[in-house]
Amino acid sequence: MVTAGIVLAGGKGTRMQSDIPKQYMELDGKPLLYYSLRAFEESAVECVVLVTAEGEEEYCRRELVERYRFTKVVAVTTGGAERYVSVWNGLQYLGEQSAEDIPEYVLIHDGARPLVTPELINRLLQETESYGACVTGMPVKDTIQMTDEHGVITLTPKRESLWIAQTPQAFEFSLVYDAYRQLMTEPEVQVTDDAMVVGLYHDIGIQMVRGSYTNLKVTTPDDLVLAEALLKKRSCDDKIKKS
């Protein structure tokens with residue numbers, strides 16, 4: 001069995017108010033993207049495809065893959081203008097391998113979530129072997145209100161049934177590959193994550209797997225500050241456990 005990860009790092013991070021793409025901004029002395037790649041390196045996933053913006057491939061190979069010796073990264077490939085195109089490019093790379101090297105399962109992760117852990121990746125992989133399609137997420141803490149176009153509340157969904165979707169999201173490779181193949185023929189379809197794509201084209205129950213509230217996505221400068229604080233706390237906790 002071959003298990004693979006696709007790490008997406010092609011965003012521009014315009015909301016970070018910086019000329020540096022957020023995936024390369026420093027977080028506790030290392031590029032933000034380093035932490036996602038390290039988590040996959042230390043997990044049970046056997047190989048990783050890193051998808052980056054056009055023109056940044058060589059930089060990622062040199063300054064991340066080679067510098068930090070990420071041996072599981074087997075390819076650095078170019079993404080697209082939209083997230084779903086980047087995912088498809090990563091899936092295509094894996095699908096073009098020899099038959100014995102095409103993965104049975106694939107985990108898709110946003111590189112802007114640096115606090116993912118090897119333990120979460122491994123647990124998600126185990127669940128995917130049982131269910132075929134899984135999404136990492138957490139129950140919402142706040143009441144969610146739906147409104148009409150005028151801002152008037154029209155519905156208050158029961159909080160107990162609402163989850164915040166995160167990444168990684170994991171699937172049987174053939175399942176997600178086929179779903180994205182169909183999506184690419186319908187560019188007018190609007191999608192926001194991988195589970196949505198699979199759900200559009202396959203009648204399969206997608207299992208929600210509890211992740212962590214710390215598995216945040218770095219989108220704004222405040223997120224970067226919070227991520228660094230959480231990372232330092234994790235490091236401190238690890239030292240206490242080892243002592």
# chains A, B, ... in the order shown; residues from 1 in each chain; ligands from 1
>>> residues_around(residues="range 185-198 of chain A", least_positions_apart="6", cutoff="7 Å", atoms="only C-alpha atoms", output="VMD selection string")
chain A and resid 135 169 176 179
>>> residues_around(residues="Lys141 in chain A", least_positions_apart="6", cutoff="10 Å", atoms="only C-alpha atoms", output="PyMOL selection string")
chain A and resi 159-160+162-164
>>> write_last_selection(atoms="all heavy atoms", output="short mmCIF file (atom, residue, chain, number, x, y, z; two decimals), in the first residue's frame")
data_model
loop_
_atom_site.label_atom_id
_atom_site.label_comp_id
_atom_site.auth_asym_id
_atom_site.auth_seq_id
_atom_site.Cartn_x
_atom_site.Cartn_y
_atom_site.Cartn_z
N ARG A 159 -26.12 24.09 16.85
CA ARG A 159 -24.67 24.12 16.96
C ARG A 159 -24.08 22.71 17.04
O ARG A 159 -22.96 22.46 16.56
CB ARG A 159 -24.27 24.93 18.20
CG ARG A 159 -22.80 25.22 18.30
CD ARG A 159 -22.52 26.23 19.38
NE ARG A 159 -23.03 25.81 20.69
CZ ARG A 159 -23.05 26.58 21.76
NH1 ARG A 159 -22.62 27.82 21.68
NH2 ARG A 159 -23.51 26.12 22.91
N GLU A 160 -24.83 21.78 17.60
CA GLU A 160 -24.31 20.42 17.80
C GLU A 160 -23.99 19.72 16.48
O GLU A 160 -23.21 18.76 16.45
CB GLU A 160 -25.34 19.58 18.58
CG GLU A 160 -25.54 20.01 20.02
CD GLU A 160 -26.41 21.26 20.14
OE1 GLU A 160 -27.06 21.63 19.13
OE2 GLU A 160 -26.46 21.85 21.24
N LEU A 162 -22.77 21.34 13.71
CA LEU A 162 -21.88 22.16 12.90
C LEU A 162 -20.42 21.94 13.27
O LEU A 162 -20.06 21.93 14.45
CB LEU A 162 -22.24 23.65 13.07
CG LEU A 162 -23.64 24.06 12.62
CD1 LEU A 162 -23.87 25.52 12.94
CD2 LEU A 162 -23.84 23.79 11.13
N TRP A 163 -19.60 21.79 12.24
CA TRP A 163 -18.17 21.60 12.44
C TRP A 163 -17.40 22.59 11.57
O TRP A 163 -17.86 22.98 10.50
CB TRP A 163 -17.75 20.18 12.03
CG TRP A 163 -18.19 19.11 12.97
CD1 TRP A 163 -19.49 18.76 13.26
CD2 TRP A 163 -17.36 18.24 13.74
NE1 TRP A 163 -19.51 17.73 14.17
CE2 TRP A 163 -18.22 17.38 14.48
CE3 TRP A 163 -15.99 18.09 13.87
CZ2 TRP A 163 -17.74 16.40 15.33
CZ3 TRP A 163 -15.50 17.11 14.72
CH2 TRP A 163 -16.38 16.28 15.45
N ILE A 164 -16.21 22.97 12.04
CA ILE A 164 -15.29 23.77 11.23
C ILE A 164 -14.39 22.80 10.47
O ILE A 164 -13.65 22.02 11.08
CB ILE A 164 -14.41 24.66 12.13
CG1 ILE A 164 -15.28 25.58 12.99
CG2 ILE A 164 -13.44 25.48 11.28
CD1 ILE A 164 -14.51 26.27 14.08
#
>>> closest_residue(among="A:Val116, A:Ile144, A:Ala229, A:Leu91", to="Tyr213 in chain A", atoms="only C-alpha atoms")
A:Val116
>>> closest_residue(among="A:Phe173, A:Tyr35, A:Tyr24, A:Phe40", to="Ala133 in chain A", atoms="only C-alpha atoms")
A:Phe173
>>> select_by_dssp(residues="range 17-216 of chain A", states="alpha helix (DSSP H)", output="ChimeraX atom specification")
/A:32-41,57-60,83-95,118-131,173-183,194-201
